[in-house]
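> Contents of query-v1.txt (compact mmCIF, N, CA and C atoms) are given next:
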# COMPACT_ATOMS: atom_id res chain seq x y z
N MET A 1 86.04 110.93 111.06
CA MET A 1 86.82 109.88 110.48
C MET A 1 88.05 109.60 111.34
N LYS A 2 88.38 108.34 111.48
CA LYS A 2 89.58 107.97 112.23
C LYS A 2 90.83 108.31 111.42
N ARG A 3 91.83 108.78 112.13
CA ARG A 3 93.12 109.10 111.52
C ARG A 3 94.24 108.64 112.46
N ILE A 4 95.44 108.58 111.92
CA ILE A 4 96.61 108.25 112.73
C ILE A 4 97.13 109.54 113.35
N TYR A 5 97.36 109.49 114.65
CA TYR A 5 97.94 110.62 115.37
C TYR A 5 99.17 110.12 116.12
N VAL A 6 100.15 111.00 116.25
CA VAL A 6 101.39 110.65 116.92
C VAL A 6 101.53 111.48 118.19
N ASN A 7 101.80 110.79 119.29
CA ASN A 7 102.08 111.45 120.55
C ASN A 7 103.60 111.48 120.71
N GLU A 8 104.21 112.59 120.30
CA GLU A 8 105.67 112.69 120.26
C GLU A 8 106.32 112.41 121.60
N GLU A 9 105.66 112.81 122.68
CA GLU A 9 106.25 112.63 124.00
C GLU A 9 106.41 111.16 124.39
N TRP A 10 105.71 110.27 123.68
CA TRP A 10 105.79 108.84 123.99
C TRP A 10 106.65 108.06 123.00
N CYS A 11 107.05 108.68 121.91
CA CYS A 11 107.83 107.98 120.89
C CYS A 11 109.24 107.69 121.39
N LEU A 12 109.62 106.43 121.35
CA LEU A 12 110.95 105.99 121.78
C LEU A 12 111.98 106.03 120.65
N GLY A 13 111.51 106.21 119.42
CA GLY A 13 112.41 106.17 118.28
C GLY A 13 112.88 104.76 117.97
N CYS A 14 112.07 103.76 118.28
CA CYS A 14 112.46 102.35 118.11
C CYS A 14 112.36 101.87 116.66
N HIS A 15 111.61 102.57 115.84
CA HIS A 15 111.42 102.26 114.42
C HIS A 15 110.59 100.99 114.17
N ARG A 16 109.96 100.44 115.19
CA ARG A 16 109.10 99.26 114.99
C ARG A 16 107.99 99.55 113.99
N CYS A 17 107.44 100.77 114.04
CA CYS A 17 106.36 101.14 113.12
C CYS A 17 106.82 101.01 111.68
N GLU A 18 108.06 101.37 111.40
CA GLU A 18 108.58 101.28 110.04
C GLU A 18 108.66 99.82 109.58
N TYR A 19 109.16 98.95 110.44
CA TYR A 19 109.29 97.54 110.08
C TYR A 19 107.93 96.87 109.90
N PHE A 20 107.00 97.15 110.81
CA PHE A 20 105.68 96.55 110.68
C PHE A 20 104.92 97.10 109.49
N CYS A 21 105.12 98.37 109.16
CA CYS A 21 104.51 98.96 107.97
C CYS A 21 105.06 98.27 106.72
N ALA A 22 106.37 98.13 106.65
CA ALA A 22 106.99 97.48 105.49
C ALA A 22 106.49 96.04 105.35
N PHE A 23 106.37 95.33 106.46
CA PHE A 23 105.87 93.96 106.42
C PHE A 23 104.41 93.92 106.00
N ALA A 24 103.58 94.79 106.57
CA ALA A 24 102.15 94.79 106.25
C ALA A 24 101.90 95.06 104.77
N ASN A 25 102.78 95.81 104.15
CA ASN A 25 102.60 96.15 102.74
C ASN A 25 103.48 95.32 101.80
N SER A 26 104.11 94.27 102.33
CA SER A 26 104.98 93.43 101.52
C SER A 26 104.22 92.37 100.73
N GLY A 27 103.01 92.03 101.19
CA GLY A 27 102.24 90.98 100.54
C GLY A 27 102.67 89.58 100.95
N LYS A 28 103.56 89.48 101.94
CA LYS A 28 104.03 88.17 102.40
C LYS A 28 103.43 87.84 103.75
N ASP A 29 103.41 86.53 104.06
CA ASP A 29 102.81 86.06 105.31
C ASP A 29 103.80 85.97 106.46
N ASP A 30 105.08 85.96 106.16
CA ASP A 30 106.10 85.77 107.18
C ASP A 30 107.02 86.98 107.22
N MET A 31 107.13 87.60 108.39
CA MET A 31 107.92 88.81 108.52
C MET A 31 109.40 88.58 108.22
N ALA A 32 109.93 87.45 108.66
CA ALA A 32 111.35 87.17 108.43
C ALA A 32 111.65 87.06 106.94
N SER A 33 110.84 86.35 106.20
CA SER A 33 111.09 86.21 104.76
C SER A 33 110.81 87.52 104.01
N ALA A 34 109.91 88.33 104.55
CA ALA A 34 109.57 89.60 103.89
C ALA A 34 110.67 90.65 104.06
N LEU A 35 111.34 90.64 105.20
CA LEU A 35 112.27 91.73 105.51
C LEU A 35 113.73 91.34 105.62
N LYS A 36 114.02 90.05 105.67
CA LYS A 36 115.41 89.62 105.83
C LYS A 36 116.24 90.04 104.62
N ASP A 37 117.36 90.67 104.90
CA ASP A 37 118.31 91.13 103.88
C ASP A 37 117.67 92.09 102.87
N VAL A 38 116.66 92.83 103.30
CA VAL A 38 115.97 93.78 102.43
C VAL A 38 116.06 95.17 103.06
N LYS A 39 116.38 96.17 102.26
CA LYS A 39 116.32 97.55 102.73
C LYS A 39 114.85 97.95 102.71
N ILE A 40 114.31 98.19 103.89
CA ILE A 40 112.87 98.49 103.95
C ILE A 40 112.60 99.90 103.44
N ASN A 41 111.41 100.07 102.90
CA ASN A 41 110.94 101.37 102.42
C ASN A 41 109.50 101.54 102.90
N PRO A 42 109.33 101.82 104.21
CA PRO A 42 107.98 101.90 104.77
C PRO A 42 107.24 103.16 104.37
N ARG A 43 105.95 103.15 104.62
CA ARG A 43 105.10 104.30 104.30
C ARG A 43 104.98 105.25 105.48
N ILE A 44 105.70 104.95 106.53
CA ILE A 44 105.81 105.82 107.70
C ILE A 44 107.30 105.97 107.99
N GLN A 45 107.71 107.14 108.40
CA GLN A 45 109.12 107.40 108.65
C GLN A 45 109.28 108.03 110.03
N VAL A 46 110.20 107.50 110.84
CA VAL A 46 110.49 108.09 112.14
C VAL A 46 111.56 109.16 111.97
N GLU A 47 111.23 110.35 112.41
CA GLU A 47 112.17 111.47 112.41
C GLU A 47 112.73 111.57 113.82
N GLU A 48 114.04 111.55 113.93
CA GLU A 48 114.67 111.59 115.24
C GLU A 48 115.28 112.97 115.48
N GLY A 49 115.01 113.49 116.66
CA GLY A 49 115.58 114.77 117.07
C GLY A 49 116.44 114.58 118.31
N ASP A 50 116.94 115.67 118.83
CA ASP A 50 117.76 115.59 120.04
C ASP A 50 116.96 115.12 121.24
N LYS A 51 115.75 115.65 121.37
CA LYS A 51 114.92 115.31 122.53
C LYS A 51 113.58 114.71 122.14
N VAL A 52 113.16 114.88 120.87
CA VAL A 52 111.84 114.43 120.45
C VAL A 52 111.97 113.57 119.19
N ASN A 53 111.27 112.44 119.19
CA ASN A 53 111.15 111.59 118.02
C ASN A 53 109.68 111.56 117.64
N PHE A 54 109.40 111.45 116.35
CA PHE A 54 108.01 111.32 115.94
C PHE A 54 107.92 110.64 114.60
N ALA A 55 106.81 109.97 114.39
CA ALA A 55 106.57 109.25 113.14
C ALA A 55 105.76 110.14 112.20
N VAL A 56 106.16 110.14 110.93
CA VAL A 56 105.48 110.93 109.91
C VAL A 56 104.80 109.99 108.92
N SER A 57 103.51 110.17 108.76
CA SER A 57 102.76 109.41 107.75
C SER A 57 101.64 110.31 107.23
N CYS A 58 100.95 109.85 106.22
CA CYS A 58 99.89 110.64 105.61
C CYS A 58 98.84 111.03 106.65
N ARG A 59 98.45 112.26 106.63
CA ARG A 59 97.45 112.77 107.57
C ARG A 59 96.04 112.74 106.99
N HIS A 60 95.90 112.31 105.76
CA HIS A 60 94.61 112.22 105.09
C HIS A 60 93.82 113.52 105.30
N CYS A 61 94.44 114.58 104.81
CA CYS A 61 93.93 115.95 104.97
C CYS A 61 92.51 116.10 104.40
N GLU A 62 91.76 117.01 104.98
CA GLU A 62 90.42 117.31 104.46
C GLU A 62 90.50 118.05 103.14
N GLU A 63 91.51 118.87 102.94
CA GLU A 63 91.75 119.60 101.69
C GLU A 63 93.14 119.19 101.18
N PRO A 64 93.28 117.98 100.65
CA PRO A 64 94.61 117.46 100.30
C PRO A 64 95.24 118.13 99.08
N LEU A 65 96.36 118.77 99.30
CA LEU A 65 97.09 119.43 98.22
C LEU A 65 97.65 118.40 97.24
N CYS A 66 98.01 117.22 97.74
CA CYS A 66 98.55 116.18 96.86
C CYS A 66 97.53 115.74 95.83
N VAL A 67 96.28 115.61 96.24
CA VAL A 67 95.21 115.20 95.31
C VAL A 67 94.96 116.31 94.30
N LYS A 68 94.93 117.55 94.76
CA LYS A 68 94.71 118.69 93.86
C LYS A 68 95.83 118.82 92.84
N GLY A 69 97.05 118.47 93.24
CA GLY A 69 98.19 118.61 92.36
C GLY A 69 98.43 117.43 91.44
N CYS A 70 97.75 116.32 91.66
CA CYS A 70 97.98 115.12 90.87
C CYS A 70 97.38 115.30 89.47
N ILE A 71 98.23 115.30 88.45
CA ILE A 71 97.76 115.60 87.09
C ILE A 71 97.04 114.43 86.42
N THR A 72 97.19 113.22 86.96
CA THR A 72 96.59 112.05 86.31
C THR A 72 95.41 111.46 87.07
N GLY A 73 95.16 111.95 88.27
CA GLY A 73 94.09 111.36 89.08
C GLY A 73 94.52 110.10 89.80
N ALA A 74 95.82 109.90 89.94
CA ALA A 74 96.31 108.71 90.65
C ALA A 74 96.01 108.78 92.14
N LEU A 75 95.86 109.97 92.66
CA LEU A 75 95.46 110.16 94.05
C LEU A 75 94.01 110.59 94.10
N SER A 76 93.26 109.96 94.97
CA SER A 76 91.85 110.31 95.12
C SER A 76 91.44 110.15 96.57
N VAL A 77 90.32 110.74 96.92
CA VAL A 77 89.80 110.65 98.28
C VAL A 77 88.56 109.76 98.25
N GLN A 78 88.55 108.77 99.12
CA GLN A 78 87.41 107.87 99.23
C GLN A 78 87.11 107.67 100.71
N ASP A 79 85.95 108.09 101.14
CA ASP A 79 85.54 108.01 102.54
C ASP A 79 86.57 108.65 103.47
N GLY A 80 87.16 109.76 103.03
CA GLY A 80 88.11 110.50 103.85
C GLY A 80 89.54 109.98 103.80
N VAL A 81 89.78 108.90 103.08
CA VAL A 81 91.11 108.30 102.98
C VAL A 81 91.69 108.65 101.61
N ILE A 82 92.92 109.12 101.59
CA ILE A 82 93.58 109.42 100.32
C ILE A 82 94.21 108.14 99.81
N LEU A 83 93.73 107.69 98.65
CA LEU A 83 94.19 106.44 98.06
C LEU A 83 95.06 106.70 96.84
N PHE A 84 95.95 105.77 96.55
CA PHE A 84 96.88 105.88 95.43
C PHE A 84 96.62 104.75 94.43
N ASP A 85 96.46 105.12 93.16
CA ASP A 85 96.27 104.15 92.08
C ASP A 85 97.56 104.07 91.26
N HIS A 86 98.29 103.00 91.47
CA HIS A 86 99.59 102.79 90.82
C HIS A 86 99.49 102.85 89.30
N GLU A 87 98.40 102.34 88.75
CA GLU A 87 98.23 102.27 87.29
C GLU A 87 98.12 103.65 86.64
N LYS A 88 97.62 104.65 87.36
CA LYS A 88 97.44 105.98 86.79
C LYS A 88 98.66 106.88 86.96
N CYS A 89 99.57 106.54 87.84
CA CYS A 89 100.71 107.40 88.16
C CYS A 89 101.74 107.41 87.03
N VAL A 90 102.21 108.61 86.68
CA VAL A 90 103.22 108.76 85.64
C VAL A 90 104.58 109.15 86.22
N GLY A 91 104.65 109.29 87.53
CA GLY A 91 105.93 109.58 88.17
C GLY A 91 106.38 111.02 88.09
N CYS A 92 105.46 111.95 88.05
CA CYS A 92 105.85 113.37 87.98
C CYS A 92 106.30 113.92 89.33
N TYR A 93 105.95 113.23 90.40
CA TYR A 93 106.31 113.61 91.78
C TYR A 93 105.69 114.92 92.25
N THR A 94 104.67 115.40 91.56
CA THR A 94 103.99 116.61 92.02
C THR A 94 103.39 116.38 93.40
N CYS A 95 102.90 115.20 93.66
CA CYS A 95 102.31 114.89 94.96
C CYS A 95 103.35 114.98 96.08
N ILE A 96 104.56 114.52 95.79
CA ILE A 96 105.64 114.59 96.79
C ILE A 96 105.95 116.05 97.10
N LEU A 97 106.01 116.86 96.06
CA LEU A 97 106.29 118.28 96.24
C LEU A 97 105.14 119.02 96.91
N SER A 98 103.91 118.56 96.70
CA SER A 98 102.72 119.23 97.22
C SER A 98 102.44 118.93 98.69
N CYS A 99 102.85 117.78 99.17
CA CYS A 99 102.52 117.37 100.54
C CYS A 99 103.30 118.20 101.55
N PRO A 100 102.60 118.97 102.39
CA PRO A 100 103.30 119.81 103.36
C PRO A 100 103.93 119.02 104.50
N TYR A 101 103.62 117.73 104.61
CA TYR A 101 104.13 116.91 105.71
C TYR A 101 105.24 115.94 105.29
N GLY A 102 105.54 115.89 104.00
CA GLY A 102 106.57 114.96 103.54
C GLY A 102 106.16 113.52 103.69
N ALA A 103 104.86 113.25 103.53
CA ALA A 103 104.32 111.92 103.78
C ALA A 103 104.20 111.05 102.55
N ILE A 104 104.45 111.59 101.37
CA ILE A 104 104.44 110.80 100.15
C ILE A 104 105.90 110.63 99.73
N LEU A 105 106.27 109.38 99.49
CA LEU A 105 107.68 109.05 99.26
C LEU A 105 107.88 108.32 97.95
N PRO A 106 109.08 108.44 97.37
CA PRO A 106 109.37 107.60 96.20
C PRO A 106 109.36 106.13 96.61
N ALA A 107 108.87 105.28 95.74
CA ALA A 107 108.79 103.85 96.04
C ALA A 107 110.02 103.13 95.49
N ASP A 108 110.37 102.04 96.14
CA ASP A 108 111.42 101.16 95.64
C ASP A 108 110.78 100.09 94.78
N GLY A 109 111.27 99.87 93.60
CA GLY A 109 110.81 98.79 92.73
C GLY A 109 109.31 98.55 92.70
N GLY A 110 108.76 98.39 91.56
CA GLY A 110 107.35 98.06 91.41
C GLY A 110 106.40 99.21 91.62
N GLY A 111 106.90 100.40 91.77
CA GLY A 111 106.01 101.52 91.98
C GLY A 111 106.73 102.83 91.78
N VAL A 112 105.97 103.90 91.73
CA VAL A 112 106.57 105.21 91.53
C VAL A 112 106.60 105.97 92.84
N VAL A 113 105.44 106.06 93.51
CA VAL A 113 105.38 106.68 94.84
C VAL A 113 104.62 105.73 95.77
N GLN A 114 104.72 106.04 97.05
CA GLN A 114 103.96 105.28 98.03
C GLN A 114 103.54 106.20 99.16
N LYS A 115 102.43 105.85 99.79
CA LYS A 115 101.92 106.63 100.91
C LYS A 115 101.06 105.73 101.78
N CYS A 116 100.83 106.15 102.98
CA CYS A 116 99.98 105.41 103.91
C CYS A 116 98.54 105.42 103.41
N GLU A 117 97.94 104.24 103.42
CA GLU A 117 96.52 104.12 103.09
C GLU A 117 95.78 103.45 104.25
N LEU A 118 96.30 103.66 105.45
CA LEU A 118 95.70 103.16 106.69
C LEU A 118 95.55 101.63 106.70
N CYS A 119 96.40 100.95 105.95
CA CYS A 119 96.38 99.48 105.85
C CYS A 119 95.05 98.95 105.34
N LEU A 120 94.34 99.75 104.55
CA LEU A 120 93.05 99.30 104.00
C LEU A 120 93.23 98.25 102.92
N LYS A 121 94.39 98.24 102.25
CA LYS A 121 94.61 97.30 101.15
C LYS A 121 95.29 96.01 101.61
N ASN A 122 95.55 95.87 102.89
CA ASN A 122 96.06 94.60 103.41
C ASN A 122 95.14 94.13 104.52
N SER A 123 95.45 93.02 105.09
CA SER A 123 94.49 92.38 106.01
C SER A 123 94.76 92.66 107.48
N CYS A 124 95.36 93.78 107.80
CA CYS A 124 95.71 94.07 109.19
C CYS A 124 94.49 94.39 110.06
N GLY A 125 93.48 95.01 109.50
CA GLY A 125 92.32 95.40 110.29
C GLY A 125 92.47 96.80 110.85
N GLU A 126 93.65 97.11 111.34
CA GLU A 126 93.98 98.45 111.79
C GLU A 126 95.38 98.74 111.26
N PRO A 127 95.78 100.01 111.21
CA PRO A 127 97.12 100.29 110.71
C PRO A 127 98.18 99.53 111.49
N ALA A 128 99.09 98.89 110.77
CA ALA A 128 100.12 98.05 111.39
C ALA A 128 101.01 98.86 112.32
N CYS A 129 101.27 100.11 111.98
CA CYS A 129 102.13 100.95 112.83
C CYS A 129 101.50 101.17 114.20
N VAL A 130 100.18 101.27 114.24
CA VAL A 130 99.46 101.47 115.49
C VAL A 130 99.49 100.19 116.32
N ALA A 131 99.23 99.07 115.67
CA ALA A 131 99.15 97.79 116.36
C ALA A 131 100.48 97.39 117.01
N CYS A 132 101.60 97.80 116.41
CA CYS A 132 102.89 97.34 116.91
C CYS A 132 103.58 98.32 117.85
N CYS A 133 103.09 99.54 117.98
CA CYS A 133 103.78 100.54 118.78
C CYS A 133 103.77 100.13 120.26
N PRO A 134 104.95 99.91 120.84
CA PRO A 134 105.01 99.40 122.21
C PRO A 134 104.64 100.44 123.27
N ASN A 135 104.61 101.69 122.90
CA ASN A 135 104.41 102.75 123.88
C ASN A 135 103.16 103.58 123.62
N ASN A 136 102.31 103.11 122.68
CA ASN A 136 101.11 103.85 122.29
C ASN A 136 101.41 105.28 121.83
N ALA A 137 102.55 105.45 121.18
CA ALA A 137 102.90 106.76 120.65
C ALA A 137 102.15 107.03 119.35
N ILE A 138 101.67 105.96 118.70
CA ILE A 138 100.88 106.10 117.48
C ILE A 138 99.50 105.54 117.77
N VAL A 139 98.48 106.35 117.54
CA VAL A 139 97.10 105.94 117.82
C VAL A 139 96.25 106.14 116.57
N TYR A 140 95.17 105.41 116.49
CA TYR A 140 94.22 105.49 115.37
C TYR A 140 92.87 105.81 115.98
N GLU A 141 92.44 107.07 115.88
CA GLU A 141 91.23 107.50 116.56
C GLU A 141 90.62 108.72 115.89
N GLU A 142 89.41 109.02 116.29
CA GLU A 142 88.74 110.25 115.85
C GLU A 142 89.04 111.33 116.88
N ARG A 143 89.25 112.52 116.37
CA ARG A 143 89.47 113.65 117.29
C ARG A 143 88.62 114.81 116.85
If you took the structure in this file and wrote it as C-alpha cells, what would it be?

Amino acid sequence: MKRIYVNEEWCLGCHRCEYFCAFANSGKDDMASALKDVKINPRIQVEEGDKVNFAVSCRHCEEPLCVKGCITGALSVQDGVILFDHEKCVGCYTCILSCPYGAILPADGGGVVQKCELCLKNSCGEPACVACCPNNAIVYEER
C-alpha cells in the first residue's frame, strides 16, 4: 500500500504542505478565499528543529493503536487507510492520546478531531502535501 514518507534531509521547513493540506480539505475551489485571514489547521504539521525539519502526518499503521482505542468506531481501516467518521466521534480524544506519532489533532470548528486520510475525500488525486512539496521531501509511494 502506498503511504506518505518524509525525507527529513530535504525538508526546507517552508510549511507549503500545511497550506496546501488546509486548502485541499477546505471544500473551496479558490485557495485565496479558503485561507485568507484564516488560521489554518492542517492535517500535517511541520516540526522544526535546529538542523532538521520534518512533516508529521498519519502513517496509516498496520496495527493502528488509534483505531483500537476508539470507543465509538469513529476510526476504521479501509484498504489500509485509517479513516475518520465525524458522525461517530464523541470527542473523548483517546485517539489523540493513543497515536505514537502525534498525527491526530483537535479540529477547529465543525469537527472534534482531524487526521490525514491521504486526500481520498477530496479531488486532489494524490495527497496535496506531496503534490506541492518543492523539494520532494514528502513522497507518496510503496516501500
> Give me the residues near range 38-55 of chain A as a ChimeraX atom specification, where near means some atom within 5 Å (using all atoms listed in the file) and where sequence neighbours in that chain fewer than 4 positions away do not count.
/A:8,22,115-116
> Applying 12 Å and only C-alpha atoms, which residues near Lys36 in chain A remain after dropping the ones on its own chain fewer than 3 positions away? List them as a PyMOL selection string.
chain A and resi 19+22-23+26+28+30-33+39-40
> For a quick check of understanding, using only C-alpha atoms, which of A:Leu35, A:Asn135, A:Cys129, A:Tyr101 has the smallest distance to His60 in chain A?
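Among the listed residues, A:Tyr101 lies closest to His60 in chain A.
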> Using DSSP on the backbone coordinates, identify all residues within chain A classified as strand (DSSP E); present the result as a PyMOL selection string.
chain A and resi 3-6+45-48+53-56+75-78+81-84+105-106+113-114+138-141
> Looking at A:Cys132, A:Ala107, A:Cys89, A:Cys95, which one is nearest to Gly69 in chain A, with distances taken over only C-alpha atoms?
A:Cys95
> Mind checking DSSP for chain A and telling me the alpha helix (DSSP H) residues as a list in words?
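Answer for chain A, restricted to alpha helix (DSSP H): Arg16, Cys17, Glu18, Tyr19, Phe20, Cys21, Ala22, Phe23, Ala24, Met31, Ala32, Ser33, Ala34, Leu35, Leu65, Cys66, Val67, Lys68, Gly69, Thr94, Cys95, Ile96, Leu97, Ser98, Ala128, Cys129, Val130, Ala131 and Cys132 of chain A.
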> A:Phe20, A:Lys2, A:Glu117, A:Pro127: which is nearest Ile82 in chain A, counting all atoms listed in the file?
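That would be A:Glu117, the residue with the smallest distance to Ile82 in chain A.
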> Leaving out Thr94 in chain A and any residue of its chain fewer than 5 positions from it, which residues lie within 6 Å of it when counting all atoms listed in the file, given as an MDAnalysis selection string?
chainID A and resid 66 69:70 99
> Measure the distance from atom C of Gly73 in chain A to CA of Gln114 in chain A in Å and round it to one decimal.
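Calculated distance between atom C of Gly73 in chain A and CA of Gln114 in chain A is 13.4 Å.
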> Do a neighbour search on Tyr5 in chain A at 6.5 Å with all atoms listed in the file, toss out local chain neighbours closer than 3 positions, and write the hits as a PyMOL selection string.
chain A and resi 137-141
> Which value, in Å to one decimal, gives the distance between CA of Asn136 in chain A and CA of Val6 in chain A?
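Value for the CA of Asn136 in chain A-CA of Val6 in chain A distance: 8.7 Å.
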> If the box runs along x, y and z of the file and leaves 5 Å on each side of range 30-39 of chain A, what are its centre and edge lengths in Å, one decimal, as lines of an AutoDock Vina configuration file?

center_x = 111.7
center_y = 91.9
center_z = 105.5
size_x = 23.2
size_y = 22.2
size_z = 16.4
> As an exercise, work out the distance from CA of Leu120 in chain A to CA of Ser57 in chain A in Å and give it to one decimal place.
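One can read the CA of Leu120 in chain A to CA of Ser57 in chain A distance as 14.5 Å.
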> Quick one: of A:Met1, A:Ala24, A:Cys11, A:Ile104, who's nearest to Ala131 in chain A, counting only C-alpha atoms?
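Among the listed residues, the smallest separation from Ala131 in chain A belongs to A:Ala24.
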> When you count only N, CA and C atoms, which of these residues is closest to Tyr93 in chain A: A:Val112, A:Val81, A:Leu75, A:Cys17?
A:Val112
